[in-house]
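**Student:** This is the structure I have questions about; it appears just below.
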Amino acid sequence: MLFPVYWMVNVSLTRERDLRKTPPDLFPAHVTLRGYREVLDQQLPYLGTSLVIGLGTVAVTVVLAAPAGFALAKLRPRGGGLVSFLLLVAQMIPGIIMAMGFYAIFLGLGFLHSVPGLIVADSTLAVPFAVLIFTAFMSGVPAELLQAARVDGAGSLRVFRSIMLPMSRNAIITVSLFAFLWSWSDFVFASTLDSGGAHQPITLGIYHYIGNNNQEWNAIMATAVVASLPAAVILVLAQRYVAAGVTAGAVKD
C-alpha cells in the first residue's frame with residue numbers, strides 16, 4: 001500500500017533522463033528539485049483554488065447535514081426512514097452520471113467553469129454521507145439531556161445549537177475531513193465542469209503536465225507529493241476524532 005507513495009517521492013526527485021533507465025533506480029542517483037521548483041512556479045494558484053473549494057465544500061456540507069442529522073435522529077419526522085434509505089442510495093450513483101447531470105444544469109444557470117459550481121457539485125457527494133454520520137452520532141446522545149433542556153424552555157433550534165452541536169465535535173471533524181478529502185481529490189467533476197475555467201483545482205493542474213507526446217513525470221510526481229501533504233497532515237491530526245466519529249452510534253446500551 002505504501003509502495004506507490006514511496007515511488008511517487010522517488011520519481012519526484014529523479015532527473016528526467018534517469019526515469020527511462022532499465023532497471024529503474026530504487027533511490028535517485030542524482031537528486032533534483034526541478035519538479036518542486038515547477039510546483040512553486042506554476043501550481044500554487046491551483047493549490048489555492050483547491051483549498052477554497054475544499055473549505056467551501058466543508059462549510060456547505062456541515063451547514064446542511066448537521067440539522068438534517070439532528071432531525072432524523074431526534075425529531076423523528078414522518079418518512080425519516082425513507083429519507084435515510086434515499087441518502088444511502090444516493091451514494092451509489094456513479095460520479096460521472098452526476099457530473100453529466102450537473103453539466104446540463106450549470107450550462108443553463110451559467111455556473112460552468114466556476115468555483116461555486118464545483119463546491120455545489122462536490123457537496124452532493126459529501127452531504128448524504130455526512131447526514132448518515134450525524135444521524136448515527138446524535139442518536140447516541142442521551143434523551144435525558146434534551147428533555148432537561150426542553151423543561152427549561154429550550155426549543156428545537158436552541159437544543160440543536162447549544163447541546164447537540166457542542167456534543168457532536170467528533171462527528172463534525174469526521175464529516176469535515178471526508179468532505180475536504182473528497183473535494184481535494186476530485187477529478188471527475190473538475191474535468192467535466194471546470195476544464196476551461198480561470199480557476200482550476202490541483203487535480204487539473206497535474207493533468208496539464210500530461211500531453212499526447214510528452215509526460216513530465218518529474219513535475220507530475222512533485223506536484224502530487226505537495227498536493228498530498230495537506231490531506232496527510234489533516235488526517236494524522238484528526239485521526240483520533242475520526243475513529244470516534246465513525247464508530248459512534250454503532251453500539252447501543
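Ordered as shown in the C-alpha cells, chains take letters A, B, and onward, while each chain numbers its residues from 1 and ligands are numbered from 1 in the order shown.
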Please give the complete set of residues from region 3-231 of chain A that DSSP, run on the backbone, assigns to alpha helix (DSSP H), formatted as number ranges by chain.
**Tutor:** A: 3-12, 34-38, 44-70, 80-90, 95-109, 115-139, 143-151, 156-159, 165-167, 169-185, 188-193, 202-207, 217-231
**Student:** Can you pull out the residues contacting Tyr6 (chain A)? Cut-off 12 Å, using only C-alpha atoms, and skip same-chain residues under 4 positions away; I want them as a list in words.
**Tutor:**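 Residues near the query, excluding close chain neighbours: Met1, Leu2, Asn10, Val11, Ser12, Leu13, Leu26, Phe27, Pro28, Met221, Ala224 and Val225 of chain A.
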**Student:** Please save C-alpha atoms of the selected residues as a PDB file, in the first residue's frame.
**Tutor:**
```pdb
ATOM      1  CA  MET A   1       0.000   0.000   0.000  1.00  0.00           C
ATOM      2  CA  LEU A   2       2.844   2.394   0.810  1.00  0.00           C
ATOM      3  CA  ASN A  10      11.381   8.718  -5.624  1.00  0.00           C
ATOM      4  CA  VAL A  11      10.311   9.832  -9.115  1.00  0.00           C
ATOM      5  CA  SER A  12       9.772  13.422  -7.948  1.00  0.00           C
ATOM      6  CA  LEU A  13      13.489  13.576  -7.034  1.00  0.00           C
ATOM      7  CA  LEU A  26      15.205   2.330  -6.306  1.00  0.00           C
ATOM      8  CA  PHE A  27      16.702   5.566  -4.983  1.00  0.00           C
ATOM      9  CA  PRO A  28      17.536   8.655  -7.061  1.00  0.00           C
ATOM     10  CA  MET A 221       5.078  13.423  -9.061  1.00  0.00           C
ATOM     11  CA  ALA A 224       1.380  15.013  -6.350  1.00  0.00           C
ATOM     12  CA  VAL A 225       3.694  14.972  -3.315  1.00  0.00           C
TER      13      VAL A 225
END
```
**Student:** Which residue, A:Pro128, A:Ile119, A:Arg76, A:Ala154, has the smallest gap to Val89 (chain A) when you use only C-alpha atoms?
**Tutor:**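 Closest to Val89 (chain A), using only C-alpha atoms: A:Pro128.
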**Student:** Could you list, with a cut-off of 7 Å and counting only C-alpha atoms, the residues of region 176-250 of chain A near region 90-104 of chain A, each shown with its nearest atom pair and the distance in Å rounded to one decimal, rows sorted by chain and ascending number, as JSON lines?
**Tutor:**
```
{"residue": "A:Val188", "atom": "CA", "partner": "A:Ile96", "partner_atom": "CA", "distance": 6.5}
{"residue": "A:Phe189", "atom": "CA", "partner": "A:Ala99", "partner_atom": "CA", "distance": 5.6}
{"residue": "A:Thr192", "atom": "CA", "partner": "A:Ala99", "partner_atom": "CA", "distance": 6.5}
{"residue": "A:Leu193", "atom": "CA", "partner": "A:Tyr103", "partner_atom": "CA", "distance": 6.1}
```
**Student:** Quick one: residues within 8 Å of Ser183 (chain A), only C-alpha atoms, excluding same-chain residues fewer than 2 positions away - as a list in words?
**Tutor:**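 The contact residues come out as Ser50, Ile53, Gly54, Thr57, Ile119, Asp122, Ser123, Ala179, Phe180, Leu181, Ser185 and Asp186 of chain A.
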**Student:** At most 10 Å is the cut-off: for each residue in region 80-127 of chain A with any atom that close to an atom of region 58-71 of chain A, write down the nearest atom pair and the distance in Å rounded to one decimal, counting only C-alpha atoms, chain first then increasing number, as a Markdown table.
**Tutor:**
```
| residue | atom | partner | partner_atom | distance |
| --- | --- | --- | --- | --- |
| A:Gly80 | CA | A:Ala71 | CA | 8.6 |
| A:Ser84 | CA | A:Gly69 | CA | 9.6 |
| A:Ile119 | CA | A:Val60 | CA | 8.0 |
| A:Val120 | CA | A:Val60 | CA | 7.9 |
| A:Asp122 | CA | A:Thr61 | CA | 9.3 |
| A:Ser123 | CA | A:Thr61 | CA | 5.9 |
| A:Thr124 | CA | A:Thr61 | CA | 8.3 |
| A:Leu125 | CA | A:Thr61 | CA | 9.3 |
| A:Ala126 | CA | A:Thr61 | CA | 6.4 |
| A:Val127 | CA | A:Thr61 | CA | 5.2 |
```
**Student:** Output the selection as a compact mmCIF listing (two decimals), in the first residue's frame - N, CA, C and O atoms for each residue.
**Tutor:**
```txt
# COMPACT_ATOMS: atom_id res chain seq x y z
N GLY A 80 -38.91 9.61 7.80
CA GLY A 80 -37.47 9.69 8.07
C GLY A 80 -36.72 8.46 7.62
O GLY A 80 -35.59 8.56 7.12
N SER A 84 -33.55 8.36 4.96
CA SER A 84 -32.26 7.71 5.22
C SER A 84 -31.92 6.71 4.13
O SER A 84 -30.76 6.60 3.70
N ILE A 119 -18.02 23.67 -5.80
CA ILE A 119 -18.36 23.49 -4.39
C ILE A 119 -19.72 22.80 -4.26
O ILE A 119 -19.89 21.87 -3.47
N VAL A 120 -20.70 23.26 -5.05
CA VAL A 120 -22.03 22.64 -5.02
C VAL A 120 -21.95 21.18 -5.46
O VAL A 120 -22.53 20.29 -4.83
N ASP A 122 -19.31 19.06 -5.49
CA ASP A 122 -18.59 18.22 -4.52
C ASP A 122 -19.42 18.00 -3.26
O ASP A 122 -19.31 16.94 -2.63
N SER A 123 -20.24 18.97 -2.90
CA SER A 123 -21.06 18.81 -1.69
C SER A 123 -22.09 17.70 -1.85
O SER A 123 -22.48 17.07 -0.86
N THR A 124 -22.53 17.44 -3.07
CA THR A 124 -23.52 16.39 -3.27
C THR A 124 -22.94 15.01 -2.96
O THR A 124 -23.69 14.08 -2.65
N LEU A 125 -21.63 14.86 -3.03
CA LEU A 125 -21.00 13.60 -2.65
C LEU A 125 -20.89 13.49 -1.13
O LEU A 125 -21.01 12.41 -0.56
N ALA A 126 -20.66 14.62 -0.48
CA ALA A 126 -20.38 14.60 0.95
C ALA A 126 -21.63 14.65 1.82
O ALA A 126 -21.66 14.05 2.89
N VAL A 127 -22.68 15.36 1.37
CA VAL A 127 -23.84 15.58 2.23
C VAL A 127 -24.56 14.28 2.61
O VAL A 127 -24.88 14.07 3.78
```
**Student:** Env of Pro201 (chain A): 10 Å cut, atoms = only C-alpha atoms, seq-sep filter 4 positions within chain, self excluded. Answer as a ChimeraX atom specification.
**Tutor:** /A:43,45-54,115,118,183-187,190-191,194-195,197,205-206
**Student:** What does the file look like for those residues with N, CA, C and O atoms, as a short mmCIF file (atom, residue, chain, number, x, y, z; two decimals), in the first residue's frame?
**Tutor:**
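Here's the written file selection14.cif:
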```cif
data_model
loop_
_atom_site.label_atom_id
_atom_site.label_comp_id
_atom_site.auth_asym_id
_atom_site.auth_seq_id
_atom_site.Cartn_x
_atom_site.Cartn_y
_atom_site.Cartn_z
N GLN A 43 2.13 25.81 -9.91
CA GLN A 43 1.00 25.10 -9.33
C GLN A 43 0.36 25.78 -8.11
O GLN A 43 -0.69 25.33 -7.65
N PRO A 45 -1.35 28.59 -7.75
CA PRO A 45 -2.75 29.01 -7.96
C PRO A 45 -3.73 27.84 -7.94
O PRO A 45 -4.84 27.97 -7.41
N TYR A 46 -3.32 26.69 -8.50
CA TYR A 46 -4.20 25.52 -8.47
C TYR A 46 -4.40 25.02 -7.04
O TYR A 46 -5.52 24.64 -6.65
N LEU A 47 -3.34 25.02 -6.24
CA LEU A 47 -3.45 24.61 -4.85
C LEU A 47 -4.37 25.55 -4.08
O LEU A 47 -5.18 25.11 -3.25
N GLY A 48 -4.25 26.86 -4.34
CA GLY A 48 -5.13 27.82 -3.67
C GLY A 48 -6.59 27.60 -4.04
O GLY A 48 -7.47 27.67 -3.17
N THR A 49 -6.85 27.31 -5.31
CA THR A 49 -8.23 27.05 -5.73
C THR A 49 -8.77 25.80 -5.06
O THR A 49 -9.93 25.77 -4.61
N SER A 50 -7.95 24.75 -4.99
CA SER A 50 -8.40 23.52 -4.32
C SER A 50 -8.70 23.77 -2.85
O SER A 50 -9.64 23.20 -2.29
N LEU A 51 -7.90 24.61 -2.21
CA LEU A 51 -8.14 24.93 -0.81
C LEU A 51 -9.47 25.65 -0.63
O LEU A 51 -10.24 25.33 0.28
N VAL A 52 -9.76 26.61 -1.50
CA VAL A 52 -11.03 27.33 -1.43
C VAL A 52 -12.20 26.38 -1.67
O VAL A 52 -13.21 26.41 -0.94
N ILE A 53 -12.08 25.51 -2.67
CA ILE A 53 -13.15 24.55 -2.95
C ILE A 53 -13.34 23.59 -1.78
O ILE A 53 -14.47 23.29 -1.39
N GLY A 54 -12.23 23.11 -1.21
CA GLY A 54 -12.32 22.20 -0.08
C GLY A 54 -13.00 22.82 1.12
O GLY A 54 -13.90 22.22 1.73
N VAL A 115 -15.84 28.32 -9.43
CA VAL A 115 -15.54 27.70 -8.14
C VAL A 115 -16.83 27.37 -7.38
O VAL A 115 -16.95 26.27 -6.82
N LEU A 118 -18.26 24.06 -8.56
CA LEU A 118 -17.56 22.87 -8.06
C LEU A 118 -17.87 22.62 -6.60
O LEU A 118 -17.95 21.46 -6.16
N SER A 183 -13.37 16.58 -1.97
CA SER A 183 -13.26 17.73 -2.87
C SER A 183 -11.82 17.97 -3.30
O SER A 183 -11.56 18.35 -4.45
N TRP A 184 -10.87 17.74 -2.41
CA TRP A 184 -9.46 17.95 -2.73
C TRP A 184 -8.98 17.00 -3.82
O TRP A 184 -8.18 17.37 -4.68
N SER A 185 -9.49 15.77 -3.81
CA SER A 185 -9.01 14.76 -4.76
C SER A 185 -9.94 14.59 -5.97
O SER A 185 -9.69 13.73 -6.82
N ASP A 186 -10.99 15.39 -6.05
CA ASP A 186 -11.95 15.22 -7.14
C ASP A 186 -11.33 15.55 -8.50
O ASP A 186 -10.65 16.57 -8.66
N PHE A 187 -11.56 14.68 -9.46
CA PHE A 187 -11.13 14.92 -10.83
C PHE A 187 -12.31 14.88 -11.81
O PHE A 187 -12.34 15.63 -12.79
N ALA A 190 -14.25 18.15 -11.66
CA ALA A 190 -13.38 19.23 -12.10
C ALA A 190 -13.18 19.21 -13.61
O ALA A 190 -13.27 20.24 -14.28
N SER A 191 -12.90 18.03 -14.16
CA SER A 191 -12.64 17.94 -15.60
C SER A 191 -13.91 18.13 -16.42
O SER A 191 -13.84 18.59 -17.57
N ASP A 194 -15.24 22.25 -15.04
CA ASP A 194 -14.36 23.40 -14.91
C ASP A 194 -13.10 23.26 -15.75
O ASP A 194 -12.07 23.84 -15.44
N SER A 195 -13.17 22.51 -16.84
CA SER A 195 -11.96 22.28 -17.64
C SER A 195 -11.47 23.54 -18.34
O SER A 195 -10.29 23.65 -18.67
N GLY A 197 -12.11 26.76 -17.02
CA GLY A 197 -12.25 27.88 -16.10
C GLY A 197 -10.93 28.58 -15.82
O GLY A 197 -9.85 28.04 -16.04
N GLY A 205 -4.45 20.82 -12.47
CA GLY A 205 -3.08 21.32 -12.60
C GLY A 205 -2.11 20.20 -12.90
O GLY A 205 -1.20 20.34 -13.73
N ILE A 206 -2.27 19.07 -12.24
CA ILE A 206 -1.43 17.90 -12.51
C ILE A 206 -1.68 17.37 -13.93
O ILE A 206 -0.76 17.02 -14.66
#
```
